[in-house]
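Chemist: Just so it is clear, I am handing over upload.txt, which has compact mmCIF, C-alpha atoms.
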```txt
# COMPACT_ATOMS: atom_id res chain seq x y z
CA MET J 208 82.94 135.55 182.62
CA THR J 209 86.38 134.00 182.79
CA LEU J 210 89.28 134.98 180.64
CA PRO J 211 91.11 132.32 178.64
CA PRO J 212 94.49 131.25 180.06
CA THR J 213 97.52 132.94 178.55
CA ASN J 214 101.11 131.82 178.21
CA ARG J 215 102.42 135.20 179.33
CA SER J 216 104.64 135.58 182.36
CA PRO J 217 103.46 137.62 185.34
CA ILE J 218 104.55 141.25 185.34
CA ASP J 219 106.93 140.89 188.30
CA ILE J 220 108.83 138.12 186.52
CA ILE J 221 109.16 140.29 183.42
CA ILE J 222 110.40 143.28 185.46
CA ILE J 223 112.95 141.27 187.44
CA SER J 224 114.08 139.60 184.22
CA TRP J 225 114.78 142.98 182.60
CA VAL J 226 116.62 144.26 185.67
CA LEU J 227 118.78 141.12 185.73
CA ARG J 228 119.39 141.38 181.99
CA THR J 229 120.75 144.88 182.53
CA VAL J 230 122.97 143.80 185.43
CA PHE J 231 124.43 140.83 183.59
CA ALA J 232 124.86 142.82 180.37
CA VAL J 233 127.00 145.31 182.31
CA ALA J 234 129.00 142.40 183.79
CA LEU J 235 129.48 140.95 180.30
CA LEU J 236 130.56 144.32 178.93
CA ALA J 237 133.02 144.81 181.80
CA GLY J 238 134.44 141.34 181.20
CA VAL J 239 134.91 141.95 177.48
CA LEU J 240 136.51 145.34 178.15
CA LEU J 241 138.88 143.70 180.63
CA LEU J 242 139.73 140.99 178.11
CA VAL J 243 140.61 143.40 175.33
CA GLY J 244 142.57 145.63 177.70
CA PHE J 245 140.36 148.67 177.34
CA ILE J 246 139.98 148.98 181.10
CA THR J 247 142.41 148.00 183.86
CA PHE J 248 142.28 147.70 187.63
CA PRO J 249 143.39 150.85 189.44
CA ASP J 250 145.29 148.95 192.12
CA PRO J 251 147.20 145.67 192.06
CA GLU J 252 145.31 144.03 194.93
CA LEU J 253 144.00 140.48 194.83
CA ARG J 254 140.31 139.95 194.08
CA PRO J 255 138.36 136.93 195.36
CA ILE J 256 136.22 134.87 192.98
CA LEU J 257 134.31 131.58 193.28
CA PHE J 258 133.19 131.95 196.89
CA GLY J 259 136.56 133.39 197.86
CA LEU J 260 138.38 130.14 197.05
CA ILE J 261 140.47 131.69 194.29
CA TYR J 262 142.14 135.10 194.31
CA ILE J 263 143.05 136.74 191.01
CA LYS J 264 145.34 139.61 190.22
CA SER J 265 145.32 139.93 186.46
CA GLU J 266 142.78 141.63 184.25
CA LEU J 267 142.77 138.61 181.93
CA ALA J 268 141.53 136.21 184.61
CA ALA J 269 138.97 138.73 185.86
CA GLY J 270 137.85 139.37 182.28
CA ILE J 271 137.30 135.66 181.65
CA TYR J 272 135.39 135.30 184.93
CA TRP J 273 133.14 138.31 184.32
CA THR J 274 132.55 137.38 180.67
CA LEU J 275 131.44 133.87 181.62
CA THR J 276 129.35 135.07 184.55
CA GLY J 277 127.74 137.83 182.47
CA SER J 278 126.97 135.48 179.57
CA LEU J 279 125.50 132.78 181.78
CA GLY J 280 123.45 135.29 183.78
CA LEU J 281 122.21 137.04 180.66
CA LEU J 282 120.99 133.77 179.14
CA ALA J 283 119.37 132.75 182.42
CA SER J 284 117.61 136.10 182.85
CA ILE J 285 116.21 135.84 179.32
CA GLY J 286 115.00 132.33 180.15
CA LEU J 287 113.46 133.62 183.37
CA ALA J 288 110.88 135.66 181.45
CA LYS J 289 110.13 132.66 179.22
CA LEU J 290 109.61 130.45 182.33
CA HIS J 291 112.40 127.99 181.51
CA LYS J 292 113.24 125.69 184.42
CA TYR J 293 117.02 125.96 184.00
CA SER J 294 116.94 129.74 184.47
CA TRP J 295 115.62 129.50 188.04
CA TRP J 296 118.47 127.21 189.10
CA VAL J 297 121.19 129.12 187.26
CA LEU J 298 120.09 132.46 188.71
CA LEU J 299 119.82 130.98 192.18
CA ILE J 300 123.40 129.69 191.96
CA LEU J 301 124.74 132.98 190.54
CA ILE J 302 122.98 135.07 193.18
CA MET J 303 124.12 132.74 195.99
CA GLU J 304 127.69 133.12 194.73
CA ASN J 305 127.26 136.89 194.82
CA VAL J 306 125.90 136.70 198.39
CA VAL J 307 129.04 134.87 199.50
CA MET J 308 131.23 137.37 197.65
CA SER J 309 129.36 140.26 199.29
CA ILE J 310 129.85 138.74 202.73
CA ILE J 311 133.57 138.36 202.04
CA MET J 312 133.85 141.96 200.82
CA LEU J 313 131.60 143.39 203.58
CA PRO J 314 134.41 144.51 205.94
CA GLN J 315 136.02 146.56 203.16
CA PHE J 316 132.80 148.09 201.78
CA ILE J 317 130.38 148.20 204.69
CA TYR J 318 127.67 150.51 203.28
CA SER J 319 127.61 149.50 199.63
CA GLY J 320 128.15 145.86 200.58
CA SER J 321 125.16 145.98 202.91
CA VAL J 322 122.92 147.42 200.20
CA VAL J 323 124.07 144.83 197.66
CA LEU J 324 123.63 142.04 200.19
CA ALA J 325 120.07 143.20 200.97
CA ILE J 326 119.20 143.30 197.26
CA GLU J 327 120.65 139.83 196.66
CA ILE J 328 118.84 138.30 199.62
CA SER J 329 115.57 139.87 198.46
CA LEU J 330 116.15 138.36 195.00
CA ILE J 331 116.65 134.93 196.57
CA VAL J 332 113.43 135.32 198.57
CA TRP J 333 111.62 136.41 195.40
CA LEU J 334 113.01 133.41 193.46
CA PHE J 335 111.67 131.06 196.12
CA TYR J 336 108.34 132.90 196.14
CA ARG J 337 107.99 132.41 192.38
CA ARG J 338 109.47 128.93 192.19
CA GLY J 339 106.12 127.38 191.32
CA TYR J 340 106.49 128.67 187.78
CA TYR J 341 109.80 126.82 187.37
CA THR J 342 109.59 123.72 189.57
CA GLY J 343 105.86 122.99 189.38
CA THR J 344 105.22 123.35 193.12
CA LYS J 345 104.01 126.39 194.98
CA TRP J 346 105.41 127.49 198.33
CA SER J 347 102.06 126.90 200.09
CA GLN J 348 101.64 123.44 198.52
CA HIS J 349 105.04 122.37 199.84
CA TYR J 350 104.12 123.22 203.43
CA SER J 351 100.57 121.88 203.26
CA GLU J 352 101.90 118.50 202.09
CA LYS J 353 104.29 118.41 205.04
CA GLY J 354 101.44 119.22 207.43
CA VAL J 355 102.88 122.56 208.54
CA ALA J 356 100.15 124.84 207.14
```
What would the structure in this file look like if it were written as structure tokens?

Modeler:
Amino acid sequence: MTLPPTNRSPIDIIIISWVLRTVFAVALLAGVLLLVGFITFPDPELRPILFGLIYIKSELAAGIYWTLTGSLGLLASIGLAKLHKYSWWVLLILIMENVVMSIIMLPQFIYSGSVVLAIEISLIVWLFYRRGYYTGTKWSQHYSEKGVA
């Protein structure tokens, strides 16, 4: 007896989606709190954003950056559970940007930066493992077409 096909997402996609929703909701909240001036930076040092190309000092610029990043990530993580194609690409770009930021910040925060970097790399590996739900091709199909498997 076979079960009828369902339109539900696999459980690992739902779990990762909820974890990412929480992470990006916290980023959105931090950005909004920075924008309204409820929280401030404890020290006046420069902070790198956008792959370390731009350094910001003000809470306003950081608030705008974190609000946009949190909003975009929150929408993409909601779309991840609904198997929308755009969410895979948006999350991949956001996580890759965080990997570069973690590598830049690694000398200052060696232990916490290493943990964050390991989590981000594992998320990238997981996104590529589950890419068949978003791009239409499975990892094994890609290599069997190339003659590798």

Chemist: Using all atoms listed in the file, find the one residue out of J:Val233, J:Val306, J:Ile271, J:Val297 that sits nearest to Ile328 (chain J).

Modeler: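 The answer is J:Val306, which sits nearest to Ile328 (chain J).
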
Chemist: Produce a table with one row for each residue of region 227-297 of chain J that has an atom at most 7 Å from any atom of region 329-341 of chain J, each row naming the nearest atom pair and its distance in Å at one decimal; use all atoms listed in the file; arrange rows by chain and rising residue number; format as CSV.

Modeler:
```
residue,atom,partner,partner_atom,distance
J:Leu290,CA,J:Tyr341,CA,6.2
J:His291,CA,J:Tyr341,CA,6.5
J:Lys292,CA,J:Tyr341,CA,4.7
J:Trp295,CA,J:Tyr341,CA,6.4
```

Chemist: Dump C-alpha atoms for the selected residues as a PDB file, in the coordinates of the input?

Modeler:
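The resulting file, out26.pdb, is reproduced below:
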```
ATOM      1  CA  LEU J 290     109.610 130.450 182.330  1.00  0.00           C
ATOM      2  CA  HIS J 291     112.400 127.990 181.510  1.00  0.00           C
ATOM      3  CA  LYS J 292     113.240 125.690 184.420  1.00  0.00           C
ATOM      4  CA  TRP J 295     115.620 129.500 188.040  1.00  0.00           C
TER       5      TRP J 295
END
```

Chemist: Report, in Å to a single decimal, how far apart CA of Ala234 (chain J) and CA of Gly280 (chain J) are.

Modeler: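 Calculated distance between CA of Gly280 (chain J) and CA of Ala234 (chain J) is 9.0 Å.
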
Chemist: Taking only C-alpha atoms into account, which of J:Ser309, J:Leu281, J:Thr342, J:Ile317 comes nearest Trp296 (chain J)?

Modeler: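 Among J:Ser309, J:Leu281, J:Thr342, J:Ile317, it is J:Thr342 that comes nearest to Trp296 (chain J).
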
Chemist: To one decimal place, how far is CA of Ala283 (chain J) from CA of Val243 (chain J) in Å?

Modeler: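 CA of Val243 (chain J) lies at a distance of 24.8 Å from CA of Ala283 (chain J).
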
Chemist: Counting only C-alpha atoms, figure out which residue out of J:Leu313, J:Ile326, J:Glu304, J:Ile285 gets nearest to Ala232 (chain J).

Modeler: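 Of J:Leu313, J:Ile326, J:Glu304, J:Ile285, the one nearest Ala232 (chain J) is J:Ile285, counting only C-alpha atoms.
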
Chemist: Select, from J:Met312, J:Leu279, J:Ile261, J:Ile246, the residue with the minimum atom-to-atom distance to Val230 (chain J), counting all atoms listed in the file.

Modeler: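 So, comparing all the options, the nearest one is J:Leu279.
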
Chemist: So how far away is CA of Leu267 (chain J) from CA of Tyr293 (chain J), in Å?

Modeler: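 Calculated distance between CA of Tyr293 (chain J) and CA of Leu267 (chain J) is 28.8 Å.
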
Chemist: With distances taken over all atoms listed in the file, which of J:Leu235, J:Thr247, J:Phe316, J:Ser278 is nearest to Leu298 (chain J)?

Modeler: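 Closest to Leu298 (chain J) of all the choices is J:Ser278.
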
Chemist: Return the padded bounding box of region 240-246 of chain J as JSON: axis-aligned, built from all atoms listed in the file, 6 Å added on each side, with centre and edge lengths in Å to one decimal.

Modeler:
```
{"center_x": 139.5, "center_y": 145.0, "center_z": 178.2, "size_x": 18.1, "size_y": 20.0, "size_z": 17.8}
```

Chemist: Rank nothing, just name the residue among J:Leu236, J:Ile311, J:Leu275, J:Ile220 nearest to Tyr262 (chain J), using all atoms listed in the file.

Modeler: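 For Tyr262 (chain J), the nearest of the candidates is J:Ile311.
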